[in-house]
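Data from final_0.pdb: PDB, C-alpha atoms
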```
ATOM      1  CA  MET A   1       0.000   0.000   0.000
ATOM      2  CA  TRP A   2       1.264   3.458  -0.871
ATOM      3  CA  THR A   3       2.296   5.793   1.943
ATOM      4  CA  PRO A   4       2.971   9.551   1.711
ATOM      5  CA  LEU A   5       6.692   8.926   2.364
ATOM      6  CA  GLU A   6       7.043   6.986  -0.901
ATOM      7  CA  SER A   7       6.861   8.147  -4.491
ATOM      8  CA  PRO A   8       3.249   8.286  -5.652
ATOM      9  CA  PRO A   9       2.063   5.271  -7.630
ATOM     10  CA  PRO A  10       2.182   5.631 -11.401
ATOM     11  CA  ALA A  11      -0.950   7.054 -12.965
ATOM     12  CA  LEU A  12      -2.734   5.178 -15.690
ATOM     13  CA  PRO A  13      -1.729   6.705 -19.026
ATOM     14  CA  LEU A  14      -4.393   8.069 -21.355
ATOM     15  CA  GLY A  15      -4.456   8.688 -25.074
ATOM     16  CA  ARG A  16      -2.199   7.519 -27.845
ATOM     17  CA  GLN A  17       1.209   6.291 -26.721
ATOM     18  CA  GLN A  18       4.124   4.960 -28.726
ATOM     19  CA  GLY A  19       6.980   2.595 -28.091
ATOM     20  CA  ALA A  20       7.667  -0.662 -26.369
ATOM     21  CA  GLN A  21       8.638   1.156 -23.174
ATOM     22  CA  ALA A  22       5.312   3.026 -23.117
ATOM     23  CA  PHE A  23       3.477  -0.308 -23.203
ATOM     24  CA  VAL A  24       5.627  -1.779 -20.426
ATOM     25  CA  GLU A  25       5.060   1.335 -18.290
ATOM     26  CA  ALA A  26       1.299   1.125 -18.894
ATOM     27  CA  ILE A  27       1.191  -2.500 -17.718
ATOM     28  CA  ARG A  28       3.310  -1.647 -14.661
ATOM     29  CA  ALA A  29       0.937   1.220 -13.832
ATOM     30  CA  ALA A  30      -2.080  -1.062 -14.302
ATOM     31  CA  THR A  31      -0.792  -3.699 -11.886
ATOM     32  CA  GLU A  32      -0.020  -1.042  -9.288
ATOM     33  CA  GLN A  33      -3.423   0.619  -9.699
ATOM     34  CA  ALA A  34      -5.146  -2.774  -9.524
ATOM     35  CA  SER A  35      -3.512  -3.366  -6.154
ATOM     36  CA  LEU A  36      -4.532   0.095  -4.904
ATOM     37  CA  GLN A  37      -8.060   0.175  -6.336
ATOM     38  CA  GLY A  38      -8.861  -3.508  -5.815
ATOM     39  CA  TRP A  39     -10.241  -4.183  -9.279
ATOM     40  CA  ARG A  40     -12.458  -7.249  -8.987
ATOM     41  CA  GLU A  41     -11.998  -8.329 -12.598
ATOM     42  CA  TRP A  42      -9.537  -7.712 -15.386
ATOM     43  CA  TRP A  43      -8.448  -9.282 -18.636
ATOM     44  CA  TRP A  44      -5.064  -9.627 -20.284
ATOM     45  CA  SER A  45      -4.838 -10.691 -23.900
ATOM     46  CA  ASP A  46      -1.815 -11.135 -26.146
ATOM     47  CA  ALA A  47      -0.385 -13.543 -28.698
ATOM     48  CA  ASP A  48       2.224 -14.785 -26.189
ATOM     49  CA  PHE A  49       2.916 -12.118 -23.492
ATOM     50  CA  ALA A  50       6.648 -12.329 -24.317
ATOM     51  CA  ASP A  51       7.210  -8.564 -24.072
ATOM     52  CA  TRP A  52       4.981  -7.894 -21.064
ATOM     53  CA  PRO A  53       6.821  -7.091 -17.780
ATOM     54  CA  LEU A  54       5.324 -10.120 -16.034
ATOM     55  CA  GLY A  55       8.640 -11.386 -14.707
ATOM     56  CA  GLU A  56       9.451  -8.175 -12.850
ATOM     57  CA  ALA A  57       9.477  -8.315  -9.073
ATOM     58  CA  GLY A  58       7.488  -5.061  -8.811
ATOM     59  CA  VAL A  59       4.717  -6.367 -11.056
ATOM     60  CA  VAL A  60       4.458  -9.626  -9.111
ATOM     61  CA  ASP A  61       4.491  -7.700  -5.802
ATOM     62  CA  ALA A  62       1.594  -5.550  -7.051
ATOM     63  CA  LEU A  63      -0.257  -8.697  -8.142
ATOM     64  CA  ASN A  64       0.259 -10.188  -4.668
ATOM     65  CA  ARG A  65      -1.284  -7.076  -3.118
ATOM     66  CA  TRP A  66      -4.172  -7.261  -5.600
ATOM     67  CA  ALA A  67      -4.892 -10.957  -4.981
ATOM     68  CA  GLN A  68      -7.794 -11.378  -2.580
ATOM     69  CA  GLY A  69     -10.942 -13.433  -2.552
ATOM     70  CA  GLY A  70     -13.563 -12.467  -5.077
ATOM     71  CA  ARG A  71     -11.067 -11.176  -7.626
ATOM     72  CA  HIS A  72     -10.558 -12.612 -11.086
ATOM     73  CA  LEU A  73      -7.893 -12.301 -13.794
ATOM     74  CA  ARG A  74      -8.565 -13.739 -17.244
ATOM     75  CA  LEU A  75      -5.590 -14.489 -19.494
ATOM     76  CA  LEU A  76      -6.045 -15.130 -23.194
ATOM     77  CA  ALA A  77      -3.207 -16.023 -25.576
ATOM     78  CA  ARG A  78      -2.399 -18.025 -28.664
ATOM     79  CA  ASP A  79       0.465 -19.671 -26.796
ATOM     80  CA  PHE A  80       1.729 -19.479 -23.191
ATOM     81  CA  ARG A  81       5.146 -21.095 -23.767
ATOM     82  CA  ALA A  82       6.891 -17.693 -23.760
ATOM     83  CA  VAL A  83       5.321 -16.884 -20.377
ATOM     84  CA  GLN A  84       6.600 -20.147 -18.947
ATOM     85  CA  ARG A  85      10.067 -19.589 -20.398
ATOM     86  CA  LEU A  86      10.530 -15.839 -19.815
ATOM     87  CA  HIS A  87       8.474 -15.020 -16.714
ATOM     88  CA  PRO A  88       9.164 -17.590 -13.952
ATOM     89  CA  ARG A  89       8.096 -15.187 -11.175
ATOM     90  CA  PHE A  90       4.714 -14.766 -12.817
ATOM     91  CA  VAL A  91       4.379 -18.529 -13.332
ATOM     92  CA  ARG A  92       4.967 -19.047  -9.584
ATOM     93  CA  TRP A  93       2.463 -16.293  -8.800
ATOM     94  CA  ARG A  94      -0.078 -17.885 -11.130
ATOM     95  CA  THR A  95       0.407 -21.247  -9.370
ATOM     96  CA  THR A  96      -0.103 -19.693  -5.929
ATOM     97  CA  TRP A  97      -3.194 -17.759  -6.959
ATOM     98  CA  ASP A  98      -4.671 -20.369  -9.318
ATOM     99  CA  HIS A  99      -8.145 -19.879  -7.862
ATOM    100  CA  LEU A 100      -8.136 -16.241  -9.084
ATOM    101  CA  VAL A 101      -6.765 -16.887 -12.570
ATOM    102  CA  GLU A 102      -8.456 -18.393 -15.584
ATOM    103  CA  ALA A 103      -6.355 -18.879 -18.703
ATOM    104  CA  ARG A 104      -7.411 -19.861 -22.196
ATOM    105  CA  VAL A 105      -5.665 -20.525 -25.496
ATOM    106  CA  GLY A 106      -7.005 -19.360 -28.840
ATOM    107  CA  THR A 107      -4.584 -20.861 -31.340
ATOM    108  CA  ALA A 108      -6.900 -20.212 -34.299
ATOM    109  CA  LEU A 109      -7.683 -16.586 -33.389
ATOM    110  CA  SER A 110      -6.433 -13.880 -35.750
ATOM    111  CA  GLU A 111      -4.695 -10.711 -34.586
ATOM    112  CA  GLN A 112      -7.989  -8.818 -34.971
ATOM    113  CA  ASP A 113      -9.809 -11.452 -32.917
ATOM    114  CA  LEU A 114      -7.104 -11.576 -30.229
ATOM    115  CA  PRO A 115      -6.069  -8.033 -29.303
ATOM    116  CA  SER A 116      -2.935  -7.266 -27.330
ATOM    117  CA  CYS A 117      -4.534  -5.479 -24.423
ATOM    118  CA  CYS A 118      -5.255  -5.002 -20.761
ATOM    119  CA  TRP A 119      -8.920  -4.447 -19.898
ATOM    120  CA  THR A 120     -10.029  -3.230 -16.484
ATOM    121  CA  PRO A 121     -13.331  -1.946 -15.099
ATOM    122  CA  VAL A 122     -12.021   1.640 -15.306
ATOM    123  CA  TRP A 123      -9.339   1.693 -18.028
ATOM    124  CA  THR A 124      -8.034  -0.083 -21.105
ATOM    125  CA  CYS A 125      -4.702  -0.280 -22.854
ATOM    126  CA  GLN A 126      -4.630  -1.787 -26.330
ATOM    127  CA  ARG A 127      -1.774  -2.060 -28.789
ATOM    128  CA  ILE A 128      -3.335  -0.960 -32.048
ATOM    129  CA  ASP A 129      -0.116  -1.359 -34.063
ATOM    130  CA  ARG A 130       2.262  -3.857 -32.524
ATOM    131  CA  ILE A 131       4.947  -3.422 -35.202
ATOM    132  CA  ARG A 132       5.230   0.337 -34.647
ATOM    133  CA  GLY A 133       4.509   0.045 -30.922
ATOM    134  CA  VAL A 134       1.385   2.201 -30.983
ATOM    135  CA  LEU A 135      -1.063   1.806 -28.139
ATOM    136  CA  LEU A 136      -4.247   3.499 -27.107
ATOM    137  CA  CYS A 137      -5.088   3.946 -23.429
ATOM    138  CA  SER A 138      -8.577   5.045 -22.468
ATOM    139  CA  ASP A 139     -10.915   5.438 -19.529
ATOM    140  CA  GLU A 140     -13.988   5.943 -21.741
ATOM    141  CA  ALA A 141     -16.888   3.589 -21.073
ATOM    142  CA  SER A 142     -17.580   3.021 -24.777
ATOM    143  CA  THR A 143     -13.968   1.958 -25.406
ATOM    144  CA  ARG A 144     -14.064  -0.417 -22.444
ATOM    145  CA  ALA A 145     -17.378  -1.908 -23.592
ATOM    146  CA  THR A 146     -16.197  -2.455 -27.169
ATOM    147  CA  LEU A 147     -12.939  -4.060 -26.087
ATOM    148  CA  GLN A 148     -14.677  -6.279 -23.537
ATOM    149  CA  LEU A 149     -17.073  -7.507 -26.228
ATOM    150  CA  THR A 150     -14.102  -8.426 -28.449
ATOM    151  CA  LEU A 151     -12.451 -10.244 -25.547
ATOM    152  CA  ARG A 152     -15.615 -12.157 -24.631
ATOM    153  CA  GLU A 153     -16.037 -13.297 -28.232
ATOM    154  CA  ALA A 154     -12.409 -14.492 -28.356
ATOM    155  CA  TRP A 155     -12.858 -16.191 -24.986
ATOM    156  CA  GLY A 156     -15.780 -18.145 -26.369
ATOM    157  CA  ARG A 157     -13.625 -19.387 -29.249
ATOM    158  CA  SER A 158     -10.762 -20.520 -27.028
ATOM    159  CA  THR A 159     -10.018 -23.521 -24.822
ATOM    160  CA  PRO A 160      -8.548 -23.854 -21.308
ATOM    161  CA  GLY A 161      -4.759 -23.569 -21.194
ATOM    162  CA  PHE A 162      -1.753 -22.553 -19.085
ATOM    163  CA  GLY A 163      -2.769 -24.621 -16.089
ATOM    164  CA  ALA A 164      -1.269 -23.916 -12.689
ATOM    165  CA  SER A 165       0.326 -27.343 -12.655
ATOM    166  CA  VAL A 166       1.138 -30.090 -15.094
ATOM    167  CA  LEU A 167       0.129 -33.546 -13.992
ATOM    168  CA  GLY A 168       1.725 -36.588 -15.537
ATOM    169  CA  LEU A 169       2.460 -40.206 -14.832
TER     170      LEU A 169
END
```

If you took the structure in this file and wrote it as structure tokens, what would it be?
Amino acid sequence: MWTPLESPPPALPLGRQQGAQAFVEAIRAATEQASLQGWREWWWSDADFADWPLGEAGVVDALNRWAQGGRHLRLLARDFRAVQRLHPRFVRWRTTWDHLVEARVGTALSEQDLPSCCWTPVWTCQRIDRIRGVLLCSDEASTRATLQLTLREAWGRSTPGFGASVLGL
């Protein structure tokens, strides 16, 4: 929890942003704000989450502060192998908080059907041009509603994946 003796938490960016670093900063700000505001539900969607800051200690710390009963994080990707390979801290966090996380794989989803985004009840961040690193951050209700509809449609065309544990004999 933030105290007046510390630097203030990062604000959620708004408007058009550009660059890989702008996206990383937006995701960092979102995890911190989620922990402060106690968002009950949020969605993350990406082809593979390879360039998200999920392995950073600060992001995982914010997720630990966010994680409480009644909260839910939905993850949607084409493939979670990059997460497992590049973000071991997040994988451990996901295992610990399995009851709060639901993950699905949409291998047949196109880039238009599977946006690279973070959706929250109060804010969205969506990469609208991944190659050029252009993202759009918004707190407008209509933007949130449109993006959530896209995510729900993709969710319905996906299957469970990225389990908290792998069982084998």

Find the residues of range 48-137 of chain A that sit at most 6 Å from range 32-39 of chain A; for each, write down the nearest two atoms and how far apart they are in Å, to one decimal. Count all atoms listed in the file. Sort by chain, then by number going up, and give it as a Markdown table.
```
| residue | atom | partner | partner_atom | distance |
| --- | --- | --- | --- | --- |
| A:Ala62 | CA | A:Glu32 | CA | 5.3 |
| A:Arg65 | CA | A:Ser35 | CA | 5.3 |
| A:Trp66 | CA | A:Ser35 | CA | 4.0 |
```

Could you tell me how far CA of Ser158 in chain A sits from CA of Phe80 in chain A, in Å to one decimal place?
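Taking CA of Phe80 in chain A and CA of Ser158 in chain A, their separation equals 13.1 Å.
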
Counting all atoms listed in the file, figure out which residue out of A:Arg40, A:Arg130, A:His87, A:Arg144 gets nearest to Leu73 in chain A.
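Among the listed residues, A:Arg40 lies closest to Leu73 in chain A.
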
Please return as a PDB file with C-alpha atoms, keeping the file's coordinate frame every residue within 10 Å of (0.2, -20.2, -21.2), taking into account all atoms listed in the file and the file's own coordinates.
```
ATOM      1  CA  ASP A  48       2.224 -14.785 -26.189  1.00  0.00           C
ATOM      2  CA  PHE A  49       2.916 -12.118 -23.492  1.00  0.00           C
ATOM      3  CA  LEU A  75      -5.590 -14.489 -19.494  1.00  0.00           C
ATOM      4  CA  LEU A  76      -6.045 -15.130 -23.194  1.00  0.00           C
ATOM      5  CA  ALA A  77      -3.207 -16.023 -25.576  1.00  0.00           C
ATOM      6  CA  ARG A  78      -2.399 -18.025 -28.664  1.00  0.00           C
ATOM      7  CA  ASP A  79       0.465 -19.671 -26.796  1.00  0.00           C
ATOM      8  CA  PHE A  80       1.729 -19.479 -23.191  1.00  0.00           C
ATOM      9  CA  ARG A  81       5.146 -21.095 -23.767  1.00  0.00           C
ATOM     10  CA  ALA A  82       6.891 -17.693 -23.760  1.00  0.00           C
ATOM     11  CA  VAL A  83       5.321 -16.884 -20.377  1.00  0.00           C
ATOM     12  CA  GLN A  84       6.600 -20.147 -18.947  1.00  0.00           C
ATOM     13  CA  ARG A  85      10.067 -19.589 -20.398  1.00  0.00           C
ATOM     14  CA  VAL A  91       4.379 -18.529 -13.332  1.00  0.00           C
ATOM     15  CA  ALA A 103      -6.355 -18.879 -18.703  1.00  0.00           C
ATOM     16  CA  ARG A 104      -7.411 -19.861 -22.196  1.00  0.00           C
ATOM     17  CA  VAL A 105      -5.665 -20.525 -25.496  1.00  0.00           C
ATOM     18  CA  PRO A 160      -8.548 -23.854 -21.308  1.00  0.00           C
ATOM     19  CA  GLY A 161      -4.759 -23.569 -21.194  1.00  0.00           C
ATOM     20  CA  PHE A 162      -1.753 -22.553 -19.085  1.00  0.00           C
ATOM     21  CA  GLY A 163      -2.769 -24.621 -16.089  1.00  0.00           C
ATOM     22  CA  ALA A 164      -1.269 -23.916 -12.689  1.00  0.00           C
TER      23      ALA A 164
END
```

For Gly69 in chain A, please output as number ranges by chain all residues within 8 Å (counting only C-alpha atoms; exclusion window: fewer than 2 positions along the same chain).
A: 67, 71, 100

Between CA of Cys117 in chain A and CA of Trp44 in chain A - distance in Å to one decimal
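Result for CA of Trp44 in chain A versus CA of Cys117 in chain A: 5.9 Å, one decimal.
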
Give the centre and edge lengths of an axis-aligned box, in Å to one decimal, that holds all listed atoms of range 148-167 of chain A with 5 Å on each side, as AutoDock Vina command-line options.
```
--center_x -8.0 --center_y -19.9 --center_z -21.0 --size_x 28.2 --size_y 37.3 --size_z 26.6
```
